Amino acid sequence: MAQEITTKQLRKWLLAYATRIIENEAQLTELDTAIGDADHGVNMRRGMDILQKRLQEKEQAEEISAFLRSVAMTLISGVGGAAGPLYGTFFLRAATSPTNGSSIDLAQLTQMFRYGLDGLQQRGKAQADDKTMIDTIQPAVEALEAAVAAQQSAAVALAAARQAAHLGMKHTIEIEARKGRASYLGPHSIGHQDPGATSAYFLFETAAEVLTITGAD
Ligand SMILES: Nc1ncnc2c1ncn2[C@@H]1O[C@H](COP(=O)(O)OP(=O)(O)OP(=O)(O)O)[C@@H](O)[C@H]1O
Ligand SMILES: [Mg+2]
């Protein structure tokens, strides 16, 4: 039987994500100071403090879809700025992907991320190379899809997604912003890494660390 990922593991992943963002608040602030309005670190930190508290409360939804919806609502209200509704939409749309109730296999996890990405693109209207979080998330989802097609294990697939996300994040240094506040800088945005692409990278970094442990809860 294919390895299943449970709600408990997704919860562990998002707790790890919250911790990673909090540890890197200063970096996110610094990046958004260079090409934005210096609030991405603060926005994400505020959202992650709330997310951590909610995830540590005793009562957690058992069903993956309900769990992802509650994460989405927390991000929309907690993060704010442009990123809050964008991350919120990502999780809201991910929640509509098919699951087996309280577990998913790698193909379903991949589909969950694909639903999230499509929702995010519909909401923010950004394409690859616009220098946004899409530049991290899209290659990561494509790497997951390629790994599923090649019948790779979750560990191999998530490692490939992390690597693709990292390359995508670094690629934002080289390109000009065409969406969000950074686009006001035009060519002056070149040479700086996008803050949202950086916070999105941590989603895949922590997923590769947490979601590949068989039997972990
Ligand atoms: N249309 C969009 N689609 C996808 N991501 C976007 C879009 N607009 C902005 N972003 C992402 O949001 C990040 C900025 O988030 P932040 O929390 O700083 O909100 P903000 O200051 O209100 O954003 P901004 O003013 O840049 O729209 C950017 O680095 C970028 O990755
Ligand atoms: Mg900002």
# chains A, B, ... in the order shown; residues from 1 in each chain; ligands from 1
>>> residues_around(residues="Thr33 in chain A", least_positions_apart="2", cutoff="12 Å", atoms="only C-alpha atoms", output="PDB file with N, CA and C atoms, in the first residue's frame")
ATOM      1  N   ALA A  26      13.447  38.036  10.482  1.00  0.00           N
ATOM      2  CA  ALA A  26      14.362  39.144  10.151  1.00  0.00           C
ATOM      3  C   ALA A  26      14.775  39.093   8.674  1.00  0.00           C
ATOM      4  N   GLN A  27      15.018  37.898   8.165  1.00  0.00           N
ATOM      5  CA  GLN A  27      15.408  37.762   6.747  1.00  0.00           C
ATOM      6  C   GLN A  27      14.263  38.220   5.836  1.00  0.00           C
ATOM      7  N   LEU A  28      13.033  37.837   6.181  1.00  0.00           N
ATOM      8  CA  LEU A  28      11.879  38.215   5.359  1.00  0.00           C
ATOM      9  C   LEU A  28      11.673  39.727   5.393  1.00  0.00           C
ATOM     10  N   THR A  29      11.903  40.315   6.544  1.00  0.00           N
ATOM     11  CA  THR A  29      11.801  41.773   6.676  1.00  0.00           C
ATOM     12  C   THR A  29      12.858  42.455   5.821  1.00  0.00           C
ATOM     13  N   GLU A  30      14.073  41.938   5.897  1.00  0.00           N
ATOM     14  CA  GLU A  30      15.191  42.508   5.140  1.00  0.00           C
ATOM     15  C   GLU A  30      14.911  42.455   3.626  1.00  0.00           C
ATOM     16  N   LEU A  31      14.405  41.311   3.170  1.00  0.00           N
ATOM     17  CA  LEU A  31      14.113  41.167   1.730  1.00  0.00           C
ATOM     18  C   LEU A  31      13.008  42.134   1.310  1.00  0.00           C
ATOM     19  N   ILE A  35      12.812  45.573  -1.613  1.00  0.00           N
ATOM     20  CA  ILE A  35      11.952  45.739  -2.808  1.00  0.00           C
ATOM     21  C   ILE A  35      10.472  45.902  -2.469  1.00  0.00           C
ATOM     22  N   GLY A  36      10.156  46.127  -1.189  1.00  0.00           N
ATOM     23  CA  GLY A  36       8.741  46.276  -0.826  1.00  0.00           C
ATOM     24  C   GLY A  36       8.574  47.312   0.258  1.00  0.00           C
ATOM     25  N   ASP A  37       7.716  47.008   1.226  1.00  0.00           N
ATOM     26  CA  ASP A  37       7.431  47.973   2.287  1.00  0.00           C
ATOM     27  C   ASP A  37       7.806  47.428   3.660  1.00  0.00           C
ATOM     28  N   ALA A  38       8.726  46.461   3.672  1.00  0.00           N
ATOM     29  CA  ALA A  38       9.336  45.970   4.910  1.00  0.00           C
ATOM     30  C   ALA A  38       8.367  45.304   5.881  1.00  0.00           C
ATOM     31  N   ASP A  39       7.230  44.817   5.373  1.00  0.00           N
ATOM     32  CA  ASP A  39       6.268  44.225   6.320  1.00  0.00           C
ATOM     33  C   ASP A  39       6.075  42.711   6.170  1.00  0.00           C
ATOM     34  N   HIS A  40       6.759  42.069   5.219  1.00  0.00           N
ATOM     35  CA  HIS A  40       6.480  40.642   5.001  1.00  0.00           C
ATOM     36  C   HIS A  40       6.864  39.793   6.216  1.00  0.00           C
ATOM     37  N   GLY A  41       8.007  40.116   6.844  1.00  0.00           N
ATOM     38  CA  GLY A  41       8.423  39.388   8.051  1.00  0.00           C
ATOM     39  C   GLY A  41       7.407  39.546   9.168  1.00  0.00           C
ATOM     40  N   VAL A  42       6.982  40.772   9.398  1.00  0.00           N
ATOM     41  CA  VAL A  42       6.013  41.061  10.466  1.00  0.00           C
ATOM     42  C   VAL A  42       4.664  40.402  10.152  1.00  0.00           C
ATOM     43  N   ARG A 181       4.028  45.258  -4.996  1.00  0.00           N
ATOM     44  CA  ARG A 181       4.740  46.510  -4.766  1.00  0.00           C
ATOM     45  C   ARG A 181       6.119  46.561  -5.435  1.00  0.00           C
ATOM     46  N   ALA A 182       6.789  45.415  -5.475  1.00  0.00           N
ATOM     47  CA  ALA A 182       8.142  45.362  -6.051  1.00  0.00           C
ATOM     48  C   ALA A 182       8.143  45.768  -7.528  1.00  0.00           C
ATOM     49  N   SER A 189      14.327  46.217  -9.305  1.00  0.00           N
ATOM     50  CA  SER A 189      14.003  45.051  -8.457  1.00  0.00           C
ATOM     51  C   SER A 189      14.939  43.874  -8.758  1.00  0.00           C
ATOM     52  N   HIS A 192      17.536  41.311  -6.255  1.00  0.00           N
ATOM     53  CA  HIS A 192      16.979  41.058  -4.925  1.00  0.00           C
ATOM     54  C   HIS A 192      16.057  39.836  -4.957  1.00  0.00           C
ATOM     55  N   GLN A 193      16.176  39.018  -3.925  1.00  0.00           N
ATOM     56  CA  GLN A 193      15.309  37.834  -3.819  1.00  0.00           C
ATOM     57  C   GLN A 193      13.924  38.250  -3.333  1.00  0.00           C
ATOM     58  N   ASP A 194      12.892  37.657  -3.934  1.00  0.00           N
ATOM     59  CA  ASP A 194      11.527  38.030  -3.562  1.00  0.00           C
ATOM     60  C   ASP A 194      11.154  37.485  -2.168  1.00  0.00           C
ATOM     61  N   PRO A 195      10.611  38.338  -1.311  1.00  0.00           N
ATOM     62  CA  PRO A 195      10.259  37.877   0.043  1.00  0.00           C
ATOM     63  C   PRO A 195       9.205  36.765   0.053  1.00  0.00           C
TER      64      PRO A 195
END
>>> residues_around(residues="Ser70 in chain A", least_positions_apart="6", cutoff="12 Å", atoms="only C-alpha atoms", output="count of residues only")
21
>>> residues_near_ligand(ligand="ligand 1", cutoff="7 Å", atoms="only C-alpha atoms and all ligand atoms", output="JSON, numbers by chain")
{"A": [32, 36, 37, 38, 39, 40, 43, 44, 80, 81, 82, 83, 84, 86, 120, 121, 124, 125, 126, 131, 132, 133, 134, 179, 180, 181, 182, 194, 195, 196, 197]}
>>> residues_around(residues="Tyr17 in chain A", least_positions_apart="3", cutoff="12 Å", atoms="only C-alpha atoms", output="mmCIF file with N, CA and C atoms, in the first residue's frame")
data_model
loop_
_atom_site.group_PDB
_atom_site.id
_atom_site.type_symbol
_atom_site.label_atom_id
_atom_site.label_comp_id
_atom_site.auth_asym_id
_atom_site.auth_seq_id
_atom_site.Cartn_x
_atom_site.Cartn_y
_atom_site.Cartn_z
ATOM 1 N N LEU A 10 0.247 16.518 8.632
ATOM 2 C CA LEU A 10 0.101 17.858 8.032
ATOM 3 C C LEU A 10 0.180 18.923 9.124
ATOM 4 N N ARG A 11 -0.396 18.606 10.275
ATOM 5 C CA ARG A 11 -0.346 19.538 11.409
ATOM 6 C C ARG A 11 1.115 19.741 11.860
ATOM 7 N N LYS A 12 1.853 18.635 11.928
ATOM 8 C CA LYS A 12 3.276 18.705 12.302
ATOM 9 C C LYS A 12 4.065 19.544 11.300
ATOM 10 N N TRP A 13 3.740 19.357 10.030
ATOM 11 C CA TRP A 13 4.393 20.120 8.952
ATOM 12 C C TRP A 13 4.146 21.618 9.151
ATOM 13 N N LEU A 14 2.900 21.992 9.405
ATOM 14 C CA LEU A 14 2.594 23.425 9.510
ATOM 15 C C LEU A 14 3.123 24.033 10.804
ATOM 16 N N ARG A 20 9.785 27.810 11.405
ATOM 17 C CA ARG A 20 10.791 28.240 10.432
ATOM 18 C C ARG A 20 10.595 29.703 10.045
ATOM 19 N N ILE A 21 9.341 30.104 9.864
ATOM 20 C CA ILE A 21 9.060 31.502 9.513
ATOM 21 C C ILE A 21 9.463 32.426 10.668
ATOM 22 N N ILE A 22 9.107 32.016 11.879
ATOM 23 C CA ILE A 22 9.423 32.849 13.049
ATOM 24 C C ILE A 22 10.945 33.004 13.179
ATOM 25 N N GLU A 23 11.672 31.908 12.948
ATOM 26 C CA GLU A 23 13.149 31.959 12.998
ATOM 27 C C GLU A 23 13.713 32.887 11.920
ATOM 28 N N ASN A 24 12.994 33.015 10.819
ATOM 29 C CA ASN A 24 13.506 33.776 9.673
ATOM 30 C C ASN A 24 12.785 35.101 9.456
ATOM 31 N N MET A 44 4.017 37.777 8.260
ATOM 32 C CA MET A 44 4.098 36.314 8.373
ATOM 33 C C MET A 44 4.266 35.905 9.834
ATOM 34 N N ARG A 45 5.059 36.641 10.573
ATOM 35 C CA ARG A 45 5.277 36.333 11.993
ATOM 36 C C ARG A 45 3.957 36.379 12.767
ATOM 37 N N GLY A 47 0.925 36.041 11.611
ATOM 38 C CA GLY A 47 0.089 34.906 11.203
ATOM 39 C C GLY A 47 0.565 33.595 11.809
ATOM 40 N N MET A 48 1.881 33.420 11.861
ATOM 41 C CA MET A 48 2.432 32.157 12.365
ATOM 42 C C MET A 48 2.271 32.023 13.869
ATOM 43 N N ASP A 49 2.340 33.145 14.592
ATOM 44 C CA ASP A 49 2.076 33.099 16.040
ATOM 45 C C ASP A 49 0.656 32.583 16.282
ATOM 46 N N LEU A 51 -1.242 30.895 14.069
ATOM 47 C CA LEU A 51 -1.361 29.523 13.558
ATOM 48 C C LEU A 51 -0.823 28.513 14.577
ATOM 49 N N GLN A 52 0.344 28.833 15.153
ATOM 50 C CA GLN A 52 0.937 27.949 16.161
ATOM 51 C C GLN A 52 -0.031 27.716 17.317
ATOM 52 N N LEU A 55 -2.916 25.543 16.217
ATOM 53 C CA LEU A 55 -2.527 24.142 15.980
ATOM 54 C C LEU A 55 -2.204 23.424 17.285
ATOM 55 N N SER A 199 9.361 33.008 1.726
ATOM 56 C CA SER A 199 8.472 32.383 2.729
ATOM 57 C C SER A 199 7.823 31.126 2.157
ATOM 58 N N ALA A 200 7.556 31.120 0.851
ATOM 59 C CA ALA A 200 6.946 29.935 0.230
ATOM 60 C C ALA A 200 7.948 28.776 0.166
ATOM 61 N N TYR A 201 9.231 29.098 0.003
ATOM 62 C CA TYR A 201 10.246 28.035 -0.011
ATOM 63 C C TYR A 201 10.203 27.224 1.281
ATOM 64 N N PHE A 202 9.979 27.905 2.402
ATOM 65 C CA PHE A 202 9.974 27.200 3.693
ATOM 66 C C PHE A 202 8.847 26.160 3.772
ATOM 67 N N LEU A 203 7.765 26.351 3.002
ATOM 68 C CA LEU A 203 6.689 25.345 2.958
ATOM 69 C C LEU A 203 7.248 24.010 2.458
ATOM 70 N N PHE A 204 8.075 24.084 1.414
ATOM 71 C CA PHE A 204 8.586 22.854 0.804
ATOM 72 C C PHE A 204 9.796 22.313 1.565
ATOM 73 N N GLU A 205 10.570 23.215 2.150
ATOM 74 C CA GLU A 205 11.704 22.767 2.974
ATOM 75 C C GLU A 205 11.181 21.951 4.165
ATOM 76 N N THR A 206 10.172 22.493 4.851
ATOM 77 C CA THR A 206 9.655 21.783 6.025
ATOM 78 C C THR A 206 8.854 20.539 5.611
ATOM 79 N N ALA A 207 8.183 20.596 4.460
ATOM 80 C CA ALA A 207 7.454 19.405 3.984
ATOM 81 C C ALA A 207 8.440 18.260 3.764
ATOM 82 N N ALA A 208 9.586 18.562 3.143
ATOM 83 C CA ALA A 208 10.592 17.519 2.888
ATOM 84 C C ALA A 208 11.142 16.963 4.200
ATOM 85 N N GLU A 209 11.214 17.808 5.216
ATOM 86 C CA GLU A 209 11.746 17.361 6.506
ATOM 87 C C GLU A 209 10.724 16.533 7.293
ATOM 88 N N VAL A 210 9.456 16.942 7.235
ATOM 89 C CA VAL A 210 8.460 16.383 8.163
ATOM 90 C C VAL A 210 7.581 15.292 7.541
ATOM 91 N N LEU A 211 7.220 15.465 6.270
ATOM 92 C CA LEU A 211 6.188 14.581 5.703
ATOM 93 C C LEU A 211 6.720 13.252 5.186
#
>>> residues_around(residues="Thr110 in chain A", least_positions_apart="4", cutoff="12 Å", atoms="only C-alpha atoms", output="PyMOL selection string")
chain A and resi 5+94+97-99+104-106+114-117+137-138+140-149+154+157-158+161+204+207
>>> write_last_selection(atoms="N, CA and C atoms", output="mmCIF file, in the first residue's frame")
data_model
loop_
_atom_site.group_PDB
_atom_site.id
_atom_site.type_symbol
_atom_site.label_atom_id
_atom_site.label_comp_id
_atom_site.auth_asym_id
_atom_site.auth_seq_id
_atom_site.Cartn_x
_atom_site.Cartn_y
_atom_site.Cartn_z
ATOM 1 N N ILE A 5 -0.231 9.950 4.196
ATOM 2 C CA ILE A 5 0.080 11.126 5.018
ATOM 3 C C ILE A 5 -1.216 11.524 5.725
ATOM 4 N N ALA A 94 -6.603 24.138 -1.763
ATOM 5 C CA ALA A 94 -6.021 22.820 -1.470
ATOM 6 C C ALA A 94 -7.044 21.953 -0.736
ATOM 7 N N SER A 97 -9.362 19.575 -2.724
ATOM 8 C CA SER A 97 -8.835 18.433 -3.485
ATOM 9 C C SER A 97 -9.303 17.123 -2.832
ATOM 10 N N PRO A 98 -9.389 16.046 -3.616
ATOM 11 C CA PRO A 98 -9.892 14.774 -3.064
ATOM 12 C C PRO A 98 -8.943 14.161 -2.026
ATOM 13 N N THR A 99 -9.504 13.672 -0.930
ATOM 14 C CA THR A 99 -8.711 12.990 0.112
ATOM 15 C C THR A 99 -9.437 11.693 0.484
ATOM 16 N N ILE A 104 -3.966 10.992 2.994
ATOM 17 C CA ILE A 104 -3.750 11.137 1.551
ATOM 18 C C ILE A 104 -2.461 10.405 1.180
ATOM 19 N N ASP A 105 -2.396 9.936 -0.053
ATOM 20 C CA ASP A 105 -1.126 9.375 -0.513
ATOM 21 C C ASP A 105 -0.356 10.474 -1.269
ATOM 22 N N LEU A 106 0.805 10.121 -1.786
ATOM 23 C CA LEU A 106 1.650 11.136 -2.432
ATOM 24 C C LEU A 106 0.941 11.786 -3.625
ATOM 25 N N ARG A 114 -1.367 21.178 -6.234
ATOM 26 C CA ARG A 114 -1.757 21.687 -7.560
ATOM 27 C C ARG A 114 -3.031 22.532 -7.453
ATOM 28 N N TYR A 115 -4.013 22.055 -6.694
ATOM 29 C CA TYR A 115 -5.243 22.829 -6.497
ATOM 30 C C TYR A 115 -4.896 24.186 -5.864
ATOM 31 N N GLY A 116 -4.015 24.135 -4.868
ATOM 32 C CA GLY A 116 -3.622 25.367 -4.173
ATOM 33 C C GLY A 116 -2.962 26.353 -5.127
ATOM 34 N N LEU A 117 -2.020 25.839 -5.927
ATOM 35 C CA LEU A 117 -1.309 26.688 -6.891
ATOM 36 C C LEU A 117 -2.282 27.310 -7.901
ATOM 37 N N ILE A 137 6.527 28.075 -5.865
ATOM 38 C CA ILE A 137 5.503 27.034 -5.712
ATOM 39 C C ILE A 137 5.297 26.254 -7.013
ATOM 40 N N GLN A 138 5.300 26.957 -8.140
ATOM 41 C CA GLN A 138 5.036 26.261 -9.410
ATOM 42 C C GLN A 138 6.084 25.181 -9.732
ATOM 43 N N ALA A 140 7.966 23.614 -7.715
ATOM 44 C CA ALA A 140 7.871 22.557 -6.695
ATOM 45 C C ALA A 140 6.715 21.612 -7.020
ATOM 46 N N VAL A 141 5.581 22.180 -7.412
ATOM 47 C CA VAL A 141 4.420 21.344 -7.760
ATOM 48 C C VAL A 141 4.738 20.518 -9.007
ATOM 49 N N GLU A 142 5.408 21.129 -9.965
ATOM 50 C CA GLU A 142 5.772 20.384 -11.180
ATOM 51 C C GLU A 142 6.746 19.246 -10.854
ATOM 52 N N ALA A 143 7.655 19.481 -9.919
ATOM 53 C CA ALA A 143 8.598 18.419 -9.510
ATOM 54 C C ALA A 143 7.840 17.276 -8.835
ATOM 55 N N LEU A 144 6.845 17.621 -8.018
ATOM 56 C CA LEU A 144 6.031 16.583 -7.369
ATOM 57 C C LEU A 144 5.273 15.777 -8.429
ATOM 58 N N GLU A 145 4.715 16.470 -9.405
ATOM 59 C CA GLU A 145 3.949 15.777 -10.450
ATOM 60 C C GLU A 145 4.847 14.835 -11.257
ATOM 61 N N ALA A 146 6.064 15.289 -11.551
ATOM 62 C CA ALA A 146 7.006 14.441 -12.291
ATOM 63 C C ALA A 146 7.381 13.219 -11.457
ATOM 64 N N ALA A 147 7.560 13.425 -10.159
ATOM 65 C CA ALA A 147 7.936 12.310 -9.270
ATOM 66 C C ALA A 147 6.801 11.296 -9.154
ATOM 67 N N VAL A 148 5.559 11.797 -9.095
ATOM 68 C CA VAL A 148 4.401 10.889 -9.033
ATOM 69 C C VAL A 148 4.323 10.080 -10.327
ATOM 70 N N ALA A 149 4.515 10.762 -11.462
ATOM 71 C CA ALA A 149 4.457 10.069 -12.763
ATOM 72 C C ALA A 149 5.540 8.990 -12.850
ATOM 73 N N ALA A 154 7.666 9.108 -1.514
ATOM 74 C CA ALA A 154 7.384 10.442 -0.974
ATOM 75 C C ALA A 154 8.689 11.165 -0.627
ATOM 76 N N ALA A 157 10.249 12.380 -3.866
ATOM 77 C CA ALA A 157 9.403 13.419 -4.456
ATOM 78 C C ALA A 157 9.525 14.734 -3.695
ATOM 79 N N LEU A 158 9.481 14.657 -2.377
ATOM 80 C CA LEU A 158 9.517 15.897 -1.581
ATOM 81 C C LEU A 158 10.910 16.516 -1.590
ATOM 82 N N ALA A 161 10.970 18.358 -4.803
ATOM 83 C CA ALA A 161 10.156 19.575 -4.696
ATOM 84 C C ALA A 161 10.916 20.663 -3.946
ATOM 85 N N PHE A 204 8.075 24.084 1.414
ATOM 86 C CA PHE A 204 8.586 22.854 0.804
ATOM 87 C C PHE A 204 9.796 22.313 1.565
ATOM 88 N N ALA A 207 8.183 20.596 4.460
ATOM 89 C CA ALA A 207 7.454 19.405 3.984
ATOM 90 C C ALA A 207 8.440 18.260 3.764
#
>>> closest_residue(among="A:Ser183, A:Ala128, A:Ala160, A:Lys170", to="ligand 2", atoms="only C-alpha atoms and all ligand atoms")
A:Ser183
>>> atom_distance(atom1="CA of Asp118 in chain A", atom2="CA of Gly191 in chain A")
27.7 Å
